[in-house]
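Enquirer: Hey, dropping model16.pdb in here, PDB, C-alpha atoms, pLDDT in the B column:
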ATOM      1  CA  GLU K   1      70.034 133.424 -75.128  1.00 95.00           C
ATOM      2  CA  VAL K   2      69.460 129.739 -75.672  1.00 96.00           C
ATOM      3  CA  GLN K   3      72.620 127.658 -75.867  1.00 97.00           C
ATOM      4  CA  LEU K   4      73.321 123.970 -76.283  1.00 98.00           C
ATOM      5  CA  VAL K   5      77.005 123.145 -76.104  1.00 98.00           C
ATOM      6  CA  GLU K   6      78.163 119.616 -76.893  1.00 97.00           C
ATOM      7  CA  SER K   7      81.476 118.180 -75.764  1.00 97.00           C
ATOM      8  CA  GLY K   8      83.208 114.830 -75.491  1.00 97.00           C
ATOM      9  CA  GLY K   9      83.760 113.963 -79.121  1.00 97.00           C
ATOM     10  CA  GLY K  10      87.055 112.791 -80.516  1.00 97.00           C
ATOM     11  CA  LEU K  11      88.957 109.931 -82.083  1.00 98.00           C
ATOM     12  CA  VAL K  12      88.306 106.471 -80.659  1.00 98.00           C
ATOM     13  CA  GLN K  13      89.237 102.970 -81.791  1.00 98.00           C
ATOM     14  CA  PRO K  14      86.603 100.476 -82.913  1.00 98.00           C
ATOM     15  CA  GLY K  15      85.090  98.813 -79.862  1.00 98.00           C
ATOM     16  CA  GLY K  16      85.862 101.802 -77.670  1.00 98.00           C
ATOM     17  CA  SER K  17      83.603 104.123 -75.702  1.00 98.00           C
ATOM     18  CA  LEU K  18      82.873 107.820 -75.474  1.00 98.00           C
ATOM     19  CA  ARG K  19      80.451 109.921 -73.455  1.00 98.00           C
ATOM     20  CA  LEU K  20      79.028 113.015 -75.057  1.00 98.00           C
ATOM     21  CA  SER K  21      77.656 115.860 -72.973  1.00 98.00           C
ATOM     22  CA  CYS K  22      75.340 118.685 -73.936  1.00 98.00           C
ATOM     23  CA  ALA K  23      75.147 121.650 -71.577  1.00 98.00           C
ATOM     24  CA  ALA K  24      71.940 123.656 -71.858  1.00 98.00           C
ATOM     25  CA  SER K  25      71.251 127.246 -70.864  1.00 97.00           C
ATOM     26  CA  GLY K  26      68.759 130.007 -71.600  1.00 97.00           C
ATOM     27  CA  PHE K  27      65.639 127.850 -71.399  1.00 96.00           C
ATOM     28  CA  THR K  28      63.906 125.579 -68.896  1.00 96.00           C
ATOM     29  CA  PHE K  29      65.833 122.418 -69.770  1.00 97.00           C
ATOM     30  CA  SER K  30      63.914 120.246 -67.320  1.00 97.00           C
ATOM     31  CA  SER K  31      60.683 120.854 -69.235  1.00 97.00           C
ATOM     32  CA  TYR K  32      61.989 119.760 -72.621  1.00 97.00           C
ATOM     33  CA  TRP K  33      62.199 116.384 -74.256  1.00 97.00           C
ATOM     34  CA  MET K  34      65.594 116.148 -75.946  1.00 98.00           C
ATOM     35  CA  HIS K  35      67.234 114.071 -78.593  1.00 96.00           C
ATOM     36  CA  TRP K  36      70.523 113.272 -80.278  1.00 98.00           C
ATOM     37  CA  VAL K  37      70.865 113.434 -84.045  1.00 98.00           C
ATOM     38  CA  ARG K  38      73.975 112.524 -86.000  1.00 98.00           C
ATOM     39  CA  GLN K  39      75.311 113.398 -89.415  1.00 98.00           C
ATOM     40  CA  PRO K  40      77.987 111.259 -91.077  1.00 98.00           C
ATOM     41  CA  PRO K  41      80.522 113.323 -93.040  1.00 96.00           C
ATOM     42  CA  GLY K  42      78.943 114.670 -96.220  1.00 94.00           C
ATOM     43  CA  LYS K  43      75.653 112.896 -95.586  1.00 96.00           C
ATOM     44  CA  GLY K  44      72.193 113.545 -94.210  1.00 96.00           C
ATOM     45  CA  LEU K  45      70.708 113.730 -90.730  1.00 98.00           C
ATOM     46  CA  VAL K  46      69.987 110.569 -88.752  1.00 98.00           C
ATOM     47  CA  TRP K  47      68.012 110.447 -85.525  1.00 98.00           C
ATOM     48  CA  VAL K  48      69.780 108.521 -82.736  1.00 98.00           C
ATOM     49  CA  SER K  49      67.801 108.711 -79.503  1.00 98.00           C
ATOM     50  CA  ARG K  50      65.294 110.699 -77.463  1.00 98.00           C
ATOM     51  CA  ILE K  51      64.544 111.175 -73.771  1.00 98.00           C
ATOM     52  CA  ASP K  52      61.520 112.651 -72.046  1.00 97.00           C
ATOM     53  CA  SER K  53      61.717 115.661 -69.763  1.00 97.00           C
ATOM     54  CA  ASP K  54      62.291 113.764 -66.505  1.00 96.00           C
ATOM     55  CA  GLY K  55      64.493 111.043 -67.971  1.00 96.00           C
ATOM     56  CA  ARG K  56      62.110 108.157 -67.369  1.00 96.00           C
ATOM     57  CA  SER K  57      61.402 107.283 -70.982  1.00 97.00           C
ATOM     58  CA  THR K  58      64.016 106.719 -73.665  1.00 98.00           C
ATOM     59  CA  THR K  59      63.936 105.486 -77.255  1.00 97.00           C
ATOM     60  CA  TYR K  60      66.726 104.489 -79.623  1.00 98.00           C
ATOM     61  CA  ALA K  61      67.354 103.924 -83.286  1.00 97.00           C
ATOM     62  CA  ASP K  62      67.830 100.223 -84.061  1.00 97.00           C
ATOM     63  CA  SER K  63      71.394 100.930 -85.217  1.00 97.00           C
ATOM     64  CA  VAL K  64      72.477 102.002 -81.712  1.00 98.00           C
ATOM     65  CA  LYS K  65      70.106 100.037 -79.471  1.00 98.00           C
ATOM     66  CA  GLY K  66      72.030  98.129 -76.817  1.00 98.00           C
ATOM     67  CA  ARG K  67      75.213 100.146 -77.408  1.00 98.00           C
ATOM     68  CA  PHE K  68      74.194 103.750 -76.680  1.00 98.00           C
ATOM     69  CA  THR K  69      72.492 105.151 -73.594  1.00 98.00           C
ATOM     70  CA  ILE K  70      70.850 108.549 -73.385  1.00 98.00           C
ATOM     71  CA  SER K  71      70.428 110.208 -70.005  1.00 98.00           C
ATOM     72  CA  ARG K  72      70.057 113.622 -68.432  1.00 98.00           C
ATOM     73  CA  ASP K  73      70.760 115.482 -65.212  1.00 98.00           C
ATOM     74  CA  ASN K  74      68.174 118.229 -64.879  1.00 98.00           C
ATOM     75  CA  ALA K  75      69.943 119.648 -61.818  1.00 98.00           C
ATOM     76  CA  LYS K  76      72.990 120.257 -64.025  1.00 98.00           C
ATOM     77  CA  ASN K  77      71.011 121.157 -67.170  1.00 98.00           C
ATOM     78  CA  THR K  78      72.962 118.525 -69.056  1.00 98.00           C
ATOM     79  CA  LEU K  79      72.107 115.809 -71.563  1.00 98.00           C
ATOM     80  CA  TYR K  80      74.366 112.818 -72.105  1.00 98.00           C
ATOM     81  CA  LEU K  81      75.007 110.093 -74.649  1.00 98.00           C
ATOM     82  CA  GLN K  82      77.088 107.141 -73.517  1.00 98.00           C
ATOM     83  CA  MET K  83      78.399 105.336 -76.582  1.00 98.00           C
ATOM     84  CA  ASN K  84      79.892 101.859 -76.208  1.00 98.00           C
ATOM     85  CA  SER K  85      81.127  99.253 -78.689  1.00 98.00           C
ATOM     86  CA  LEU K  86      81.719 101.964 -81.246  1.00 98.00           C
ATOM     87  CA  ARG K  87      81.937 101.074 -84.918  1.00 98.00           C
ATOM     88  CA  ALA K  88      83.340 102.855 -87.960  1.00 98.00           C
ATOM     89  CA  GLU K  89      79.790 103.572 -89.112  1.00 97.00           C
ATOM     90  CA  ASP K  90      79.183 105.605 -85.929  1.00 98.00           C
ATOM     91  CA  THR K  91      81.571 108.253 -87.271  1.00 98.00           C
ATOM     92  CA  ALA K  92      79.558 111.463 -87.478  1.00 98.00           C
ATOM     93  CA  VAL K  93      78.923 114.897 -86.075  1.00 98.00           C
ATOM     94  CA  TYR K  94      76.582 114.415 -83.121  1.00 98.00           C
ATOM     95  CA  TYR K  95      74.040 117.114 -82.339  1.00 98.00           C
ATOM     96  CA  CYS K  96      71.887 117.487 -79.282  1.00 98.00           C
ATOM     97  CA  ALA K  97      68.578 119.189 -79.971  1.00 98.00           C
ATOM     98  CA  SER K  98      65.259 119.969 -78.381  1.00 96.00           C
ATOM     99  CA  TYR K  99      62.591 117.516 -79.449  1.00 91.00           C
ATOM    100  CA  ARG K 100      60.656 120.204 -81.238  1.00 91.00           C
ATOM    101  CA  GLY K 101      63.761 121.015 -83.271  1.00 93.00           C
ATOM    102  CA  ASP K 102      63.949 124.678 -82.359  1.00 94.00           C
ATOM    103  CA  TYR K 103      67.193 124.437 -80.373  1.00 97.00           C
ATOM    104  CA  TRP K 104      70.356 122.725 -81.637  1.00 98.00           C
ATOM    105  CA  GLY K 105      73.915 122.542 -80.421  1.00 98.00           C
ATOM    106  CA  GLN K 106      76.893 123.203 -82.677  1.00 97.00           C
ATOM    107  CA  GLY K 107      77.757 119.518 -82.877  1.00 97.00           C
ATOM    108  CA  THR K 108      80.706 117.418 -81.789  1.00 98.00           C
ATOM    109  CA  LEU K 109      82.643 115.142 -84.124  1.00 98.00           C
ATOM    110  CA  VAL K 110      83.093 111.487 -83.251  1.00 98.00           C
ATOM    111  CA  THR K 111      85.576 109.567 -85.359  1.00 98.00           C
ATOM    112  CA  VAL K 112      85.842 105.806 -84.968  1.00 98.00           C
ATOM    113  CA  SER K 113      89.004 104.546 -86.582  1.00 97.00           C
ATOM    114  CA  SER K 114      92.062 102.460 -85.836  1.00 95.00           C
TER     115      SER K 114
ATOM    116  CA  ASP U   1      59.860 103.057 -90.065  1.00 95.00           C
ATOM    117  CA  ILE U   2      58.409 105.982 -91.998  1.00 97.00           C
ATOM    118  CA  GLN U   3      60.458 106.761 -95.097  1.00 98.00           C
ATOM    119  CA  MET U   4      60.723 110.375 -96.212  1.00 98.00           C
ATOM    120  CA  THR U   5      61.392 110.837 -99.926  1.00 98.00           C
ATOM    121  CA  GLN U   6      62.599 114.329-100.710  1.00 98.00           C
ATOM    122  CA  SER U   7      63.121 115.783-104.176  1.00 98.00           C
ATOM    123  CA  PRO U   8      65.001 117.077-105.934  1.00 97.00           C
ATOM    124  CA  SER U   9      68.341 116.141-104.367  1.00 97.00           C
ATOM    125  CA  SER U  10      69.883 119.283-105.821  1.00 97.00           C
ATOM    126  CA  LEU U  11      68.558 122.423-107.377  1.00 96.00           C
ATOM    127  CA  SER U  12      70.079 125.403-109.147  1.00 97.00           C
ATOM    128  CA  ALA U  13      68.065 128.615-109.325  1.00 97.00           C
ATOM    129  CA  SER U  14      68.528 132.337-109.854  1.00 97.00           C
ATOM    130  CA  VAL U  15      68.093 135.103-107.315  1.00 97.00           C
ATOM    131  CA  GLY U  16      64.439 136.061-107.265  1.00 97.00           C
ATOM    132  CA  ASP U  17      63.208 132.668-108.478  1.00 97.00           C
ATOM    133  CA  ARG U  18      60.453 130.719-106.790  1.00 98.00           C
ATOM    134  CA  VAL U  19      61.867 127.443-105.469  1.00 98.00           C
ATOM    135  CA  THR U  20      59.868 124.363-104.540  1.00 98.00           C
ATOM    136  CA  ILE U  21      60.972 121.205-102.746  1.00 98.00           C
ATOM    137  CA  THR U  22      58.732 118.232-102.133  1.00 98.00           C
ATOM    138  CA  CYS U  23      58.720 115.589 -99.428  1.00 98.00           C
ATOM    139  CA  GLN U  24      56.640 112.418 -99.485  1.00 98.00           C
ATOM    140  CA  ALA U  25      56.063 110.221 -96.448  1.00 98.00           C
ATOM    141  CA  SER U  26      55.617 106.459 -96.776  1.00 98.00           C
ATOM    142  CA  HIS U  27      52.723 106.596 -94.288  1.00 96.00           C
ATOM    143  CA  ASP U  28      50.227 109.215 -93.212  1.00 97.00           C
ATOM    144  CA  ILE U  29      51.975 111.581 -90.795  1.00 97.00           C
ATOM    145  CA  ASP U  30      49.119 114.094 -90.477  1.00 96.00           C
ATOM    146  CA  ASN U  31      50.958 117.445 -90.271  1.00 96.00           C
ATOM    147  CA  TYR U  32      53.865 116.295 -88.090  1.00 97.00           C
ATOM    148  CA  LEU U  33      56.559 117.646 -90.386  1.00 98.00           C
ATOM    149  CA  ASN U  34      59.441 120.064 -89.943  1.00 98.00           C
ATOM    150  CA  TRP U  35      61.576 121.788 -92.564  1.00 98.00           C
ATOM    151  CA  TYR U  36      65.164 122.721 -91.762  1.00 98.00           C
ATOM    152  CA  GLN U  37      67.885 124.761 -93.404  1.00 98.00           C
ATOM    153  CA  GLN U  38      71.495 123.713 -92.928  1.00 98.00           C
ATOM    154  CA  LYS U  39      74.511 125.726 -94.013  1.00 97.00           C
ATOM    155  CA  PRO U  40      77.974 124.119 -94.278  1.00 95.00           C
ATOM    156  CA  GLY U  41      79.541 123.453 -90.907  1.00 94.00           C
ATOM    157  CA  LYS U  42      76.450 124.609 -89.035  1.00 97.00           C
ATOM    158  CA  ALA U  43      73.616 122.961 -87.184  1.00 97.00           C
ATOM    159  CA  PRO U  44      70.208 122.675 -88.825  1.00 98.00           C
ATOM    160  CA  LYS U  45      67.863 125.605 -88.320  1.00 98.00           C
ATOM    161  CA  LEU U  46      64.134 125.088 -87.959  1.00 98.00           C
ATOM    162  CA  LEU U  47      62.172 127.036 -90.570  1.00 98.00           C
ATOM    163  CA  ILE U  48      58.722 125.434 -90.674  1.00 98.00           C
ATOM    164  CA  TYR U  49      56.957 123.289 -88.059  1.00 98.00           C
ATOM    165  CA  ASP U  50      53.660 121.399 -88.173  1.00 97.00           C
ATOM    166  CA  ALA U  51      54.032 121.407 -91.976  1.00 98.00           C
ATOM    167  CA  SER U  52      52.954 124.996 -92.508  1.00 98.00           C
ATOM    168  CA  ASN U  53      53.817 127.158 -89.494  1.00 98.00           C
ATOM    169  CA  LEU U  54      56.651 129.642 -89.838  1.00 98.00           C
ATOM    170  CA  GLU U  55      59.119 129.528 -86.954  1.00 97.00           C
ATOM    171  CA  THR U  56      59.583 132.824 -85.136  1.00 96.00           C
ATOM    172  CA  GLY U  57      62.109 135.075 -86.814  1.00 96.00           C
ATOM    173  CA  VAL U  58      62.144 133.202 -90.140  1.00 98.00           C
ATOM    174  CA  PRO U  59      61.546 135.401 -93.207  1.00 98.00           C
ATOM    175  CA  SER U  60      58.096 135.187 -94.735  1.00 98.00           C
ATOM    176  CA  ARG U  61      59.484 134.155 -98.140  1.00 98.00           C
ATOM    177  CA  PHE U  62      59.697 130.643 -96.669  1.00 98.00           C
ATOM    178  CA  SER U  63      56.497 128.613 -96.499  1.00 98.00           C
ATOM    179  CA  GLY U  64      55.252 125.063 -96.207  1.00 98.00           C
ATOM    180  CA  SER U  65      52.079 123.197 -97.052  1.00 98.00           C
ATOM    181  CA  GLY U  66      50.628 119.722 -97.123  1.00 98.00           C
ATOM    182  CA  SER U  67      49.222 117.064 -94.875  1.00 97.00           C
ATOM    183  CA  GLY U  68      49.098 113.299 -94.771  1.00 97.00           C
ATOM    184  CA  THR U  69      51.832 112.046 -97.085  1.00 98.00           C
ATOM    185  CA  ASP U  70      52.630 114.922 -99.448  1.00 98.00           C
ATOM    186  CA  PHE U  71      54.352 118.133 -98.458  1.00 98.00           C
ATOM    187  CA  ILE U  72      55.776 121.157-100.225  1.00 98.00           C
ATOM    188  CA  PHE U  73      58.386 123.692 -99.114  1.00 98.00           C
ATOM    189  CA  THR U  74      58.604 126.966-101.017  1.00 98.00           C
ATOM    190  CA  ILE U  75      60.924 129.927-101.156  1.00 98.00           C
ATOM    191  CA  SER U  76      58.927 132.639-102.876  1.00 98.00           C
ATOM    192  CA  SER U  77      61.884 134.743-103.989  1.00 97.00           C
ATOM    193  CA  LEU U  78      65.318 133.174-103.673  1.00 97.00           C
ATOM    194  CA  GLN U  79      67.971 135.267-101.930  1.00 97.00           C
ATOM    195  CA  PRO U  80      71.757 134.685-101.972  1.00 96.00           C
ATOM    196  CA  GLU U  81      71.732 133.878 -98.249  1.00 96.00           C
ATOM    197  CA  ASP U  82      69.325 130.990 -98.892  1.00 97.00           C
ATOM    198  CA  ILE U  83      72.123 128.850-100.317  1.00 96.00           C
ATOM    199  CA  ALA U  84      72.036 125.784 -98.098  1.00 98.00           C
ATOM    200  CA  THR U  85      70.786 122.235 -97.847  1.00 98.00           C
ATOM    201  CA  TYR U  86      67.149 121.768 -96.839  1.00 98.00           C
ATOM    202  CA  PHE U  87      65.733 118.763 -95.008  1.00 98.00           C
ATOM    203  CA  CYS U  88      62.253 117.602 -94.157  1.00 98.00           C
ATOM    204  CA  GLN U  89      61.688 115.554 -90.986  1.00 98.00           C
ATOM    205  CA  GLN U  90      58.671 113.683 -89.680  1.00 97.00           C
ATOM    206  CA  TYR U  91      57.916 113.475 -85.966  1.00 95.00           C
ATOM    207  CA  ASP U  92      54.698 111.504 -86.093  1.00 95.00           C
ATOM    208  CA  ASN U  93      56.459 108.321 -85.049  1.00 93.00           C
ATOM    209  CA  VAL U  94      59.785 107.042 -83.798  1.00 93.00           C
ATOM    210  CA  PRO U  95      62.249 106.587 -85.241  1.00 95.00           C
ATOM    211  CA  LEU U  96      62.121 110.210 -86.323  1.00 96.00           C
ATOM    212  CA  THR U  97      63.216 110.263 -89.945  1.00 97.00           C
ATOM    213  CA  PHE U  98      64.608 112.859 -92.307  1.00 98.00           C
ATOM    214  CA  GLY U  99      64.510 113.338 -96.037  1.00 98.00           C
ATOM    215  CA  GLN U 100      67.848 112.938 -97.775  1.00 97.00           C
ATOM    216  CA  GLY U 101      68.180 116.668 -98.311  1.00 98.00           C
ATOM    217  CA  THR U 102      68.046 119.155-101.168  1.00 98.00           C
ATOM    218  CA  ARG U 103      71.205 121.117-101.965  1.00 98.00           C
ATOM    219  CA  LEU U 104      70.243 124.532-103.260  1.00 97.00           C
ATOM    220  CA  GLU U 105      72.689 126.480-105.414  1.00 96.00           C
ATOM    221  CA  ILE U 106      72.601 129.848-107.112  1.00 92.00           C
ATOM    222  CA  LYS U 107      72.636 129.704-110.901  1.00 90.00           C
TER     223      LYS U 107
END
For the structure just supplied, provide its representation as structure tokens.
Expert:
Amino acid sequence: EVQLVESGGGLVQPGGSLRLSCAASGFTFSSYWMHWVRQPPGKGLVWVSRIDSDGRSTTYADSVKGRFTISRDNAKNTLYLQMNSLRAEDTAVYYCASYRGDYWGQGTLVTVSS
Amino acid sequence: DIQMTQSPSSLSASVGDRVTITCQASHDIDNYLNWYQQKPGKAPKLLIYDASNLETGVPSRFSGSGSGTDFIFTISSLQPEDIATYFCQQYDNVPLTFGQGTRLEIK
């Protein structure tokens, strides 16, 4: 059974940092491009970042460029999102997903508030 | 960035009705379009990929069509379990972009 399990969300103050993790199982993680998608409360889906299968190529939405870093450890079957300089507008449920869109995690909530 | 304009934003229909949602891309995206279903508190679920291909395990009452800039998603006979929000998404170019969603309700 395919599983993507996100962790690391929580409440953080503006300007703070969080690192999200996404543990993959049930498929050959190292062969898949992956991405992070977020969903602000009550709103639509917004793409955040993507990474190729070996971690050499990454791309970011303009809204997070320079603040967020996507990475992966294929030996641990884990995808990461390091989020720095967080802002109130980063508040959202963050999903990891396969690039094709066929596998999604359950999401982890990040709340940026003082 | 490619803008995805989805309509309607909400829709009320009866069980058994045929339901249609449209998605228009601001640039030609060939057939690089997904359709997702999202239920409250859950992750999106892929229904249609490459504009018209049914994902494995998805009921055949769901279908998609279109190419270029204009796309259509159809539920041939609405079922109570289809109550959800539906999103289109283009993957022709980064940033990947989504339509704003269509909230489907039972009349």
Enquirer: Given the choices U:Cys88, U:Ala51, U:Leu104, U:Ile21, which gets closest to Ser67 of chain U if the distance is worked out from only C-alpha atoms?
Expert: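 Distance minimum relative to Ser67 of chain U lands on U:Ala51.
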Enquirer: Pull out every residue that the PyMOL selection byres ((chain K) within 8 of (chain U)) matches in the shown coordinates and put them as a PDB file with C-alpha atoms, keeping the file's coordinate frame.
Expert:
ATOM      1  CA  GLY K  44      72.193 113.545 -94.210  1.00 96.00           C
ATOM      2  CA  LEU K  45      70.708 113.730 -90.730  1.00 98.00           C
ATOM      3  CA  VAL K  46      69.987 110.569 -88.752  1.00 98.00           C
ATOM      4  CA  TRP K  47      68.012 110.447 -85.525  1.00 98.00           C
ATOM      5  CA  THR K  59      63.936 105.486 -77.255  1.00 97.00           C
ATOM      6  CA  TYR K  60      66.726 104.489 -79.623  1.00 98.00           C
ATOM      7  CA  ALA K  61      67.354 103.924 -83.286  1.00 97.00           C
ATOM      8  CA  TYR K  95      74.040 117.114 -82.339  1.00 98.00           C
ATOM      9  CA  GLY K 101      63.761 121.015 -83.271  1.00 93.00           C
ATOM     10  CA  ASP K 102      63.949 124.678 -82.359  1.00 94.00           C
ATOM     11  CA  TRP K 104      70.356 122.725 -81.637  1.00 98.00           C
ATOM     12  CA  GLY K 105      73.915 122.542 -80.421  1.00 98.00           C
ATOM     13  CA  GLN K 106      76.893 123.203 -82.677  1.00 97.00           C
ATOM     14  CA  GLY K 107      77.757 119.518 -82.877  1.00 97.00           C
TER      15      GLY K 107
END
Enquirer: What's the separation between atom CA of Thr108 of chain K and atom CA of Thr5 of chain U, in Å to one decimal place?
Expert: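 About the pair atom CA of Thr108 of chain K and atom CA of Thr5 of chain U: they are 27.3 Å apart.
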Enquirer: So that I can check the surroundings of Glu81 of chain U, please list as a list in words every protein, DNA and RNA residue that reaches within 12 Å of it, counting all atoms listed in the file and ignoring chain neighbours fewer than 5 positions away.
Expert: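 Counting all atoms listed in the file, the residues come to Val15, Gly16, Gln37, Gln38, Lys39, Pro59, Ile75, Leu104, Glu105 and Ile106 of chain U.
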Enquirer: Interatomic distance between atom CA of Arg67 of chain K and atom CA of Arg19 of chain K?
Expert: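 Spanning atom CA of Arg67 of chain K to atom CA of Arg19 of chain K is a straight-line distance of 11.8 Å.
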Enquirer: Apply the PyMOL selection byres ((chain K and resi 89) around 10) to the structure shown and report the selected residues as an mmCIF file with C-alpha atoms, in the coordinates of the input.
Expert:
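Here's the written file out08.cif:
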data_model
loop_
_atom_site.group_PDB
_atom_site.id
_atom_site.type_symbol
_atom_site.label_atom_id
_atom_site.label_comp_id
_atom_site.auth_asym_id
_atom_site.auth_seq_id
_atom_site.Cartn_x
_atom_site.Cartn_y
_atom_site.Cartn_z
ATOM 1 C CA PRO K 14 86.603 100.476 -82.913
ATOM 2 C CA PRO K 40 77.987 111.259 -91.077
ATOM 3 C CA SER K 63 71.394 100.930 -85.217
ATOM 4 C CA LEU K 86 81.719 101.964 -81.246
ATOM 5 C CA ARG K 87 81.937 101.074 -84.918
ATOM 6 C CA ALA K 88 83.340 102.855 -87.960
ATOM 7 C CA ASP K 90 79.183 105.605 -85.929
ATOM 8 C CA THR K 91 81.571 108.253 -87.271
ATOM 9 C CA ALA K 92 79.558 111.463 -87.478
ATOM 10 C CA THR K 111 85.576 109.567 -85.359
ATOM 11 C CA VAL K 112 85.842 105.806 -84.968
ATOM 12 C CA SER K 113 89.004 104.546 -86.582
#
Enquirer: List the residues matched by the PyMOL selection byres ((chain K and resi 50) around 10) in the displayed structure as a PyMOL selection string, ordered by chain and then by residue number.
Expert: (chain K and resi 33-37+47-49+51-53+55+57-61+69-71+96-99) or (chain U and resi 94-96)
Enquirer: Give as number ranges by chain the set of residues within 7 Å of the point (56.5, 113.5, -90.5), where distances use the file's coordinates and only C-alpha atoms.
Expert: U: 25, 29, 31-33, 89-92
Enquirer: Go ahead and compute the interatomic distance for atom CA of Ala23 of chain K and atom CA of Gly8 of chain K, in Å to one decimal.
Expert: 11.3 Å
Enquirer: Need the shell around Ser76 of chain U: protein/DNA/RNA residues with any atom at most 10 Å away, counting only C-alpha atoms. Skip same-chain ones fewer than 6 positions apart. Format as a compact mmCIF listing (two decimals) with C-alpha atoms, in the coordinates of the input?
Expert:
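New file result39.txt:
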# COMPACT_ATOMS: atom_id res chain seq x y z
CA GLY U 16 64.44 136.06 -107.26
CA ASP U 17 63.21 132.67 -108.48
CA ARG U 18 60.45 130.72 -106.79
CA VAL U 19 61.87 127.44 -105.47
CA THR U 20 59.87 124.36 -104.54
CA SER U 60 58.10 135.19 -94.74
CA ARG U 61 59.48 134.16 -98.14
CA PHE U 62 59.70 130.64 -96.67
CA SER U 63 56.50 128.61 -96.50
Enquirer: Taking every listed atom of segment 21-27 of chain K and adding 3 Å to each side, what centre and edge lengths in Å (one decimal) does the axis-aligned box have, as lines of an AutoDock Vina configuration file?
Expert:
center_x = 71.6
center_y = 122.9
center_z = -72.4
size_x = 18.0
size_y = 20.1
size_z = 9.1
Enquirer: Of the candidates K:Met83, K:Leu20, K:Ser7, K:Tyr32, which shows the shortest atom-to-atom distance to Arg100 of chain K, using all atoms listed in the file?
Expert: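 Distance minimum relative to Arg100 of chain K lands on K:Tyr32.
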Enquirer: Counting all atoms listed in the file, what is within 7 Å of Asn84 of chain K, bar same-chain residues fewer than 2 positions away, as a list in words?
Expert: Gly16, Ser17, Leu18, Arg67, Phe68, Gln82 and Leu86 of chain K
Enquirer: May I ask which of the residues U:Gln3, U:Thr22, U:Ser77, U:Ser10 is the closest one to Ser65 of chain U, counting only C-alpha atoms?
Expert: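 The answer is U:Thr22, which sits nearest to Ser65 of chain U.
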